[in-house]
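Content type compact mmCIF, C-alpha atoms and all ligand atoms, from the file run.txt:
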# COMPACT_ATOMS: atom_id res chain seq x y z
CA MET A 419 -11.24 19.87 -6.25
CA GLY A 420 -7.51 19.46 -6.81
CA ALA A 421 -4.87 20.94 -4.53
CA VAL A 422 -3.82 24.53 -5.30
CA THR A 423 -0.13 25.40 -4.88
CA GLY A 424 0.56 29.08 -5.58
CA ALA A 425 -1.24 29.73 -8.88
CA THR A 426 -1.08 26.09 -10.02
CA MET A 427 -3.87 23.59 -9.51
CA ILE A 428 -2.72 20.00 -9.13
CA ALA A 429 -5.44 17.62 -10.23
CA THR A 430 -5.31 14.22 -8.54
CA PRO A 431 -5.02 11.08 -10.70
CA ASP A 432 -8.73 10.38 -10.15
CA GLN A 433 -9.64 13.91 -11.24
CA GLN A 434 -7.45 13.50 -14.33
CA LYS A 435 -9.15 10.20 -15.18
CA ARG A 436 -12.60 11.72 -14.67
CA ALA A 437 -11.77 14.71 -16.90
CA ALA A 438 -10.51 12.47 -19.73
CA ALA A 439 -13.54 10.18 -19.34
CA ARG A 440 -16.05 13.03 -19.46
CA GLU A 441 -14.46 14.39 -22.63
CA ALA A 442 -14.57 10.96 -24.26
CA ALA A 443 -18.26 10.60 -23.38
CA LEU A 444 -18.92 13.60 -25.64
CA LEU A 445 -17.73 11.52 -28.63
CA VAL A 446 -20.73 9.19 -28.28
CA GLU A 447 -23.65 9.81 -30.64
CA THR A 448 -27.09 8.28 -30.69
CA GLY A 449 -27.30 5.11 -32.81
CA MET A 450 -23.67 4.14 -32.17
CA TYR A 451 -22.42 0.60 -31.64
CA LEU A 452 -19.92 1.20 -28.84
CA GLY A 453 -17.09 -0.78 -27.22
CA LEU A 454 -16.61 -0.34 -23.47
CA GLY A 455 -13.12 -0.90 -22.02
CA THR A 456 -12.12 -1.96 -18.52
CA GLY A 457 -10.57 -0.21 -15.52
CA SER A 458 -11.03 2.72 -13.18
CA THR A 459 -10.89 5.35 -15.95
CA VAL A 460 -13.56 3.48 -17.89
CA GLU A 461 -15.72 3.44 -14.76
CA TYR A 462 -15.71 7.26 -14.89
CA PHE A 463 -16.57 7.01 -18.58
CA LEU A 464 -19.54 4.73 -17.79
CA ASP A 465 -20.80 7.26 -15.23
CA ALA A 466 -20.55 10.10 -17.75
CA LEU A 467 -22.11 7.98 -20.48
CA SER A 468 -25.07 7.00 -18.34
CA GLU A 469 -25.65 10.67 -17.46
CA ARG A 470 -25.73 11.53 -21.17
CA ILE A 471 -28.01 8.58 -21.98
CA LYS A 472 -30.50 9.79 -19.37
CA ALA A 473 -30.25 13.51 -20.10
CA GLU A 474 -30.34 13.23 -23.90
CA SER A 475 -32.26 9.95 -24.38
CA LEU A 476 -29.31 8.56 -26.36
CA SER A 477 -29.93 5.17 -27.92
CA ILE A 478 -26.72 3.13 -28.16
CA THR A 479 -25.72 -0.53 -28.32
CA CYS A 480 -22.70 -1.56 -26.23
CA VAL A 481 -20.19 -4.40 -26.06
CA ALA A 482 -18.08 -4.92 -22.91
CA THR A 483 -14.42 -5.98 -22.67
CA SER A 484 -14.85 -7.72 -19.30
CA LEU A 485 -17.37 -9.19 -16.90
CA VAL A 486 -16.59 -6.35 -14.46
CA THR A 487 -17.52 -3.74 -17.07
CA GLU A 488 -20.59 -5.73 -18.06
CA ARG A 489 -21.77 -5.74 -14.42
CA ARG A 490 -21.05 -2.03 -13.88
CA ALA A 491 -22.83 -1.15 -17.13
CA ALA A 492 -25.86 -3.21 -16.05
CA GLU A 493 -25.96 -1.36 -12.69
CA LEU A 494 -26.14 1.90 -14.63
CA GLY A 495 -28.89 0.57 -16.89
CA ILE A 496 -26.58 0.15 -19.89
CA GLY A 497 -27.19 -3.23 -21.52
CA VAL A 498 -24.48 -5.05 -23.43
CA VAL A 499 -24.64 -7.45 -26.36
CA PRO A 500 -22.05 -9.88 -27.79
CA LEU A 501 -19.50 -8.51 -30.24
CA SER A 502 -20.48 -8.95 -33.85
CA GLY A 503 -19.31 -6.84 -36.77
CA MET A 504 -17.64 -3.45 -36.66
CA LEU A 505 -18.05 -1.00 -33.79
CA ASP A 506 -18.36 2.73 -34.45
CA LEU A 507 -16.25 3.64 -31.45
CA ALA A 508 -14.42 1.95 -28.56
CA ILE A 509 -13.23 3.78 -25.44
CA ASP A 510 -10.70 2.13 -23.15
CA GLY A 511 -8.03 2.93 -20.58
CA ALA A 512 -4.32 2.10 -20.78
CA ASP A 513 -1.41 1.37 -18.47
CA GLU A 514 1.10 3.14 -20.69
CA VAL A 515 0.68 5.39 -23.72
CA GLU A 516 3.87 5.96 -25.72
CA PHE A 517 4.30 9.60 -26.61
CA GLY A 518 4.46 10.08 -30.41
CA THR A 519 3.46 6.56 -31.55
CA LEU A 520 0.34 5.96 -29.40
CA HIS A 521 1.56 2.41 -28.88
CA LEU A 522 0.05 1.09 -25.66
CA ILE A 523 0.56 -1.35 -22.82
CA LYS A 524 -2.74 -2.66 -21.52
CA GLY A 525 -3.87 -5.53 -19.34
CA LEU A 526 -2.95 -4.71 -15.74
CA GLY A 527 -6.68 -5.18 -15.18
CA GLY A 528 -6.48 -8.58 -16.87
CA ALA A 529 -8.88 -7.87 -19.74
CA LEU A 530 -6.34 -7.54 -22.55
CA LEU A 531 -7.67 -10.25 -24.87
CA ARG A 532 -11.23 -8.97 -25.12
CA GLU A 533 -9.87 -5.41 -25.09
CA LYS A 534 -7.78 -6.15 -28.16
CA GLN A 535 -10.66 -7.91 -29.92
CA ILE A 536 -12.82 -4.85 -29.36
CA ALA A 537 -10.05 -2.36 -30.26
CA GLU A 538 -9.45 -4.22 -33.53
CA SER A 539 -13.19 -4.15 -34.27
CA ALA A 540 -13.57 -0.41 -33.78
CA ARG A 541 -13.58 2.12 -36.59
CA GLN A 542 -12.32 4.56 -33.97
CA PHE A 543 -10.39 3.37 -30.91
CA VAL A 544 -9.82 6.10 -28.32
CA VAL A 545 -7.82 5.75 -25.11
CA ILE A 546 -8.48 7.71 -21.92
CA ALA A 547 -5.93 8.02 -19.12
CA ASP A 548 -4.31 10.20 -16.50
CA GLU A 549 -1.01 11.95 -17.19
CA SER A 550 1.11 9.35 -15.36
CA LYS A 551 0.38 6.89 -18.19
CA LEU A 552 2.25 8.96 -20.81
CA VAL A 553 5.73 7.50 -21.33
CA ARG A 554 8.65 8.05 -23.70
CA ARG A 555 9.20 4.30 -24.10
CA LEU A 556 6.84 1.41 -23.38
CA GLY A 557 7.86 -0.64 -20.36
CA GLU A 558 9.15 2.38 -18.41
CA ARG A 559 6.69 2.14 -15.55
CA THR A 560 4.67 -1.06 -15.83
CA PRO A 561 5.24 -4.71 -16.70
CA LEU A 562 3.89 -6.07 -19.96
CA PRO A 563 1.00 -8.49 -19.31
CA VAL A 564 0.86 -11.55 -21.57
CA GLU A 565 -2.15 -13.90 -21.50
CA ILE A 566 -1.19 -17.59 -21.78
CA VAL A 567 -3.12 -20.86 -21.79
CA ASP A 568 -3.41 -22.83 -18.56
CA PHE A 569 -1.25 -25.70 -19.84
CA ALA A 570 2.53 -26.04 -19.54
CA VAL A 571 2.61 -22.62 -17.90
CA GLU A 572 6.26 -22.86 -16.78
CA ARG A 573 7.34 -23.81 -20.30
CA THR A 574 5.50 -20.85 -21.83
CA ILE A 575 7.01 -18.47 -19.27
CA ALA A 576 10.49 -19.84 -20.07
CA ARG A 577 9.95 -19.38 -23.83
CA ILE A 578 8.85 -15.79 -23.25
CA GLY A 579 11.96 -15.29 -21.10
CA ASP A 580 14.13 -16.64 -23.96
CA ILE A 581 13.19 -13.63 -26.12
CA GLY A 582 14.18 -11.17 -23.39
CA LEU A 583 11.02 -10.85 -21.34
CA PRO A 584 11.52 -12.35 -17.87
CA GLY A 585 8.09 -12.77 -16.34
CA VAL A 586 6.20 -13.83 -13.24
CA LEU A 587 2.86 -15.59 -13.10
CA ARG A 588 0.19 -13.22 -11.80
CA MET A 589 -1.42 -14.47 -8.58
CA SER A 590 -4.84 -13.71 -7.07
CA ASP A 591 -3.46 -14.65 -3.67
CA ALA A 592 -0.40 -16.50 -2.37
CA ALA A 593 -1.76 -19.89 -3.47
CA THR A 594 -4.01 -19.09 -6.42
CA PRO A 595 -2.91 -18.03 -9.88
CA TYR A 596 -4.97 -15.22 -11.38
CA ARG A 597 -7.49 -16.41 -13.98
CA THR A 598 -8.83 -14.18 -16.76
CA ASP A 599 -12.46 -13.99 -17.91
CA ASN A 600 -11.38 -16.46 -20.61
CA GLY A 601 -10.00 -19.02 -18.12
CA ASN A 602 -6.38 -18.25 -19.01
CA ARG A 603 -3.35 -17.10 -16.96
CA ILE A 604 -1.33 -13.88 -17.09
CA VAL A 605 2.45 -13.48 -17.01
CA ASP A 606 3.68 -9.98 -16.09
CA CYS A 607 6.91 -9.43 -18.02
CA THR A 608 9.78 -6.98 -17.76
CA MET A 609 10.57 -5.49 -21.15
CA ALA A 610 14.31 -6.09 -21.04
CA VAL A 611 14.55 -6.38 -24.80
CA ALA A 612 15.64 -4.02 -27.58
CA MET A 613 12.82 -4.82 -30.02
CA THR A 614 10.35 -2.29 -31.33
CA PRO A 615 6.87 -2.89 -29.89
CA PRO A 616 5.30 -4.12 -33.18
CA VAL A 617 8.13 -6.64 -33.70
CA LEU A 618 7.95 -7.73 -30.08
CA GLU A 619 4.18 -8.17 -30.32
CA ALA A 620 4.53 -10.33 -33.45
CA THR A 621 7.40 -12.35 -31.93
CA LEU A 622 5.45 -13.12 -28.77
CA LYS A 623 2.55 -14.38 -30.86
CA THR A 624 4.84 -17.04 -32.43
CA ILE A 625 5.19 -18.80 -29.04
CA ALA A 626 2.77 -21.70 -28.61
CA GLY A 627 0.78 -21.06 -25.45
CA VAL A 628 0.68 -17.28 -25.83
CA VAL A 629 -2.92 -16.22 -26.38
CA GLU A 630 -2.49 -12.44 -26.53
CA THR A 631 -0.13 -9.68 -25.46
CA GLY A 632 -0.82 -6.36 -23.78
CA LEU A 633 1.03 -4.53 -26.55
CA PHE A 634 -1.40 -2.55 -28.69
CA THR A 635 0.66 -1.22 -31.57
CA HIS A 636 -1.86 -0.15 -34.15
CA GLY A 637 -5.25 1.38 -34.41
CA CYS A 638 -5.24 3.84 -31.51
CA ALA A 639 -6.79 6.91 -33.14
CA ALA A 640 -6.36 9.26 -30.20
CA ALA A 641 -5.46 9.42 -26.53
CA ILE A 642 -7.36 11.83 -24.32
CA ILE A 643 -5.16 12.52 -21.31
CA GLY A 644 -6.26 14.26 -18.13
CA MET A 645 -3.34 16.49 -17.11
CA THR A 646 -2.09 17.41 -13.64
CA ASP A 647 -2.94 21.08 -14.33
CA GLY A 648 -6.63 20.11 -14.61
CA SER A 649 -6.81 20.38 -18.41
CA THR A 650 -7.24 17.56 -20.92
CA ARG A 651 -5.01 17.09 -23.95
CA ARG A 652 -5.54 15.01 -27.07
CA PHE A 653 -2.60 13.20 -28.59
C1 LIG A 701 -7.43 -3.55 -18.15
C2 LIG A 701 -6.72 -2.41 -18.79
C3 LIG A 701 -7.03 -1.05 -18.26
O1 LIG A 701 -7.53 -0.28 -19.30
C4 LIG A 701 -5.77 -0.46 -17.72
O2 LIG A 701 -5.27 -1.33 -16.72
C5 LIG A 701 -5.98 0.94 -17.16
O3 LIG A 701 -6.70 0.88 -15.98
P1 LIG A 701 -7.03 2.17 -15.11
O4 LIG A 701 -7.96 3.02 -15.92
O5 LIG A 701 -7.66 1.62 -13.86
O6 LIG A 701 -5.72 2.86 -14.82
O7 LIG A 701 -5.96 -2.55 -19.70
O8 LIG A 701 -7.05 -4.77 -18.72
Please render this file's structure as structure tokens.
Amino acid sequence: MGAVTGATMIATPDQQKRAAAREAALLVETGMYLGLGTGSTVEYFLDALSERIKAESLSITCVATSLVTERRAAELGIGVVPLSGMLDLAIDGADEVEFGTLHLIKGLGGALLREKQIAESARQFVVIADESKLVRRLGERTPLPVEIVDFAVERTIARIGDIGLPGVLRMSDAATPYRTDNGNRIVDCTMAVAMTPPVLEATLKTIAGVVETGLFTHGCAAAIIGMTDGSTRRF
């Protein structure tokens, strides 16, 4: 249970994530071809989904955005297949959700490339998150992850810096750069640039060496947010 102060319940971030995830699990219908995101909020979604599969004998086909999600799904008895064709629904977390536009920053978990492939393939792409992820302007609270090829890394980082996004190479430990499921690197960038997110996303993609950006600027149909007061809200 969350903490109660006076008459107000304060739900913890984990409780907010779980509430959003459980609501999203209700969107799943038998027969669906479903995209599974990555991250701690999605883990709650997988738990809720597996409960529904067992309780209601739901038959669904799933695609995973990361090896971590694939493994967790397998532990819960949810098999995954490769992505092919259009998905009915994809559910994923986010690092920031911009109030009003539903533009997103994703990729702190490193899965942004497959996440975007699955988001783009979904007839309905729904984000689940805790209230801290809601922002007035993208870049307020998190860096922007950009996936780059493992060749001429310093040059690519410098080119990204030239357009107003100073960045640092993500490390797994002091000596080892982080490697994505696709064998690429990630640069975590500060959004010190006055470009709208769709323009910034397109500009980044013109740089040779950039594979994908964590800006998701179209296609998010809804965000289900677990609120600190224990409720969920749909934006
Ligand atoms: C992974 C992501 C995640 O969806 C994002 O980092 C949110 O994670 P969490 O639910 O743990 O807060 O984009 O690449």
List as a ChimeraX atom specification the protein and nucleic acid residues near stretch 559-575 of chain A, meaning an atom at most 7 Å away when all atoms listed in the file are counted, but skip any in the same chain fewer than 2 places from it.
/A:523,525-526,557,577-579,585,602-609,627-632
May I have the residues within 6 Å of ligand LIG 701 (chain A), computed using all atoms listed in the file, as a PyMOL selection string?
chain A and resi 456-460+510-513+524-530
Could you write out that same residue set with C-alpha atoms as a PDB file, in the coordinates of the input?
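Final output, selection.pdb:
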ATOM      1  CA  THR A 456     -12.120  -1.960 -18.520  1.00  0.00           C
ATOM      2  CA  GLY A 457     -10.570  -0.210 -15.520  1.00  0.00           C
ATOM      3  CA  SER A 458     -11.030   2.720 -13.180  1.00  0.00           C
ATOM      4  CA  THR A 459     -10.890   5.350 -15.950  1.00  0.00           C
ATOM      5  CA  VAL A 460     -13.560   3.480 -17.890  1.00  0.00           C
ATOM      6  CA  ASP A 510     -10.700   2.130 -23.150  1.00  0.00           C
ATOM      7  CA  GLY A 511      -8.030   2.930 -20.580  1.00  0.00           C
ATOM      8  CA  ALA A 512      -4.320   2.100 -20.780  1.00  0.00           C
ATOM      9  CA  ASP A 513      -1.410   1.370 -18.470  1.00  0.00           C
ATOM     10  CA  LYS A 524      -2.740  -2.660 -21.520  1.00  0.00           C
ATOM     11  CA  GLY A 525      -3.870  -5.530 -19.340  1.00  0.00           C
ATOM     12  CA  LEU A 526      -2.950  -4.710 -15.740  1.00  0.00           C
ATOM     13  CA  GLY A 527      -6.680  -5.180 -15.180  1.00  0.00           C
ATOM     14  CA  GLY A 528      -6.480  -8.580 -16.870  1.00  0.00           C
ATOM     15  CA  ALA A 529      -8.880  -7.870 -19.740  1.00  0.00           C
ATOM     16  CA  LEU A 530      -6.340  -7.540 -22.550  1.00  0.00           C
TER      17      LEU A 530
END
Could the residues of stretch 440-553 of chain A that have an atom at most 12 Å from stretch 611-624 of chain A be listed as a Markdown table, each with its closest atom pair and the distance in Å to one decimal, counting all atoms listed in the file and ordered by chain and ascending residue number?
| residue | atom | partner | partner_atom | distance |
| --- | --- | --- | --- | --- |
| A:Glu516 | CA | A:Pro615 | CA | 10.2 |
| A:Thr519 | CA | A:Pro615 | CA | 10.2 |
| A:Leu520 | CA | A:Pro615 | CA | 11.0 |
| A:His521 | CA | A:Pro615 | CA | 7.6 |
| A:Leu522 | CA | A:Pro615 | CA | 9.0 |
| A:Ile523 | CA | A:Pro615 | CA | 9.6 |
What does the distance between atom CA of A:Asp548 and atom CA of A:Tyr462 come to in Å, to one decimal place?
11.9 Å
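The space between atom CA of A:Phe543 and atom CA of A:Thr598 spans 22.6 Å.
Among the candidates A:Gly455, A:Gly449, A:Pro431, A:Gly648, the residue lying nearest to A:Val545 is A:Gly455 (atoms considered: all atoms listed in the file).
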Is there a way to get, as a PyMOL selection string, all residues within 9 Å of the point (-13.0, 9.4, -18.8) in file coordinates, counting only C-alpha atoms?
chain A and resi 434-443+458-466+509-511+545-547+642-644
Counting all atoms listed in the file, find the residues whose atoms lie at most 9 Å from (-5.7, 3.2, -35.9) (file coordinates) and write them out as a compact mmCIF listing (two decimals) with C-alpha atoms, in the frame of the given file.
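part12.txt, freshly written:
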# COMPACT_ATOMS: atom_id res chain seq x y z
CA GLU A 538 -9.45 -4.22 -33.53
CA ALA A 540 -13.57 -0.41 -33.78
CA ARG A 541 -13.58 2.12 -36.59
CA GLN A 542 -12.32 4.56 -33.97
CA PHE A 543 -10.39 3.37 -30.91
CA THR A 635 0.66 -1.22 -31.57
CA HIS A 636 -1.86 -0.15 -34.15
CA GLY A 637 -5.25 1.38 -34.41
CA CYS A 638 -5.24 3.84 -31.51
CA ALA A 639 -6.79 6.91 -33.14
CA ALA A 640 -6.36 9.26 -30.20
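Rounded to one decimal, atom CA of A:Met504 and atom CA of A:Val446 lie 15.5 Å from each other.
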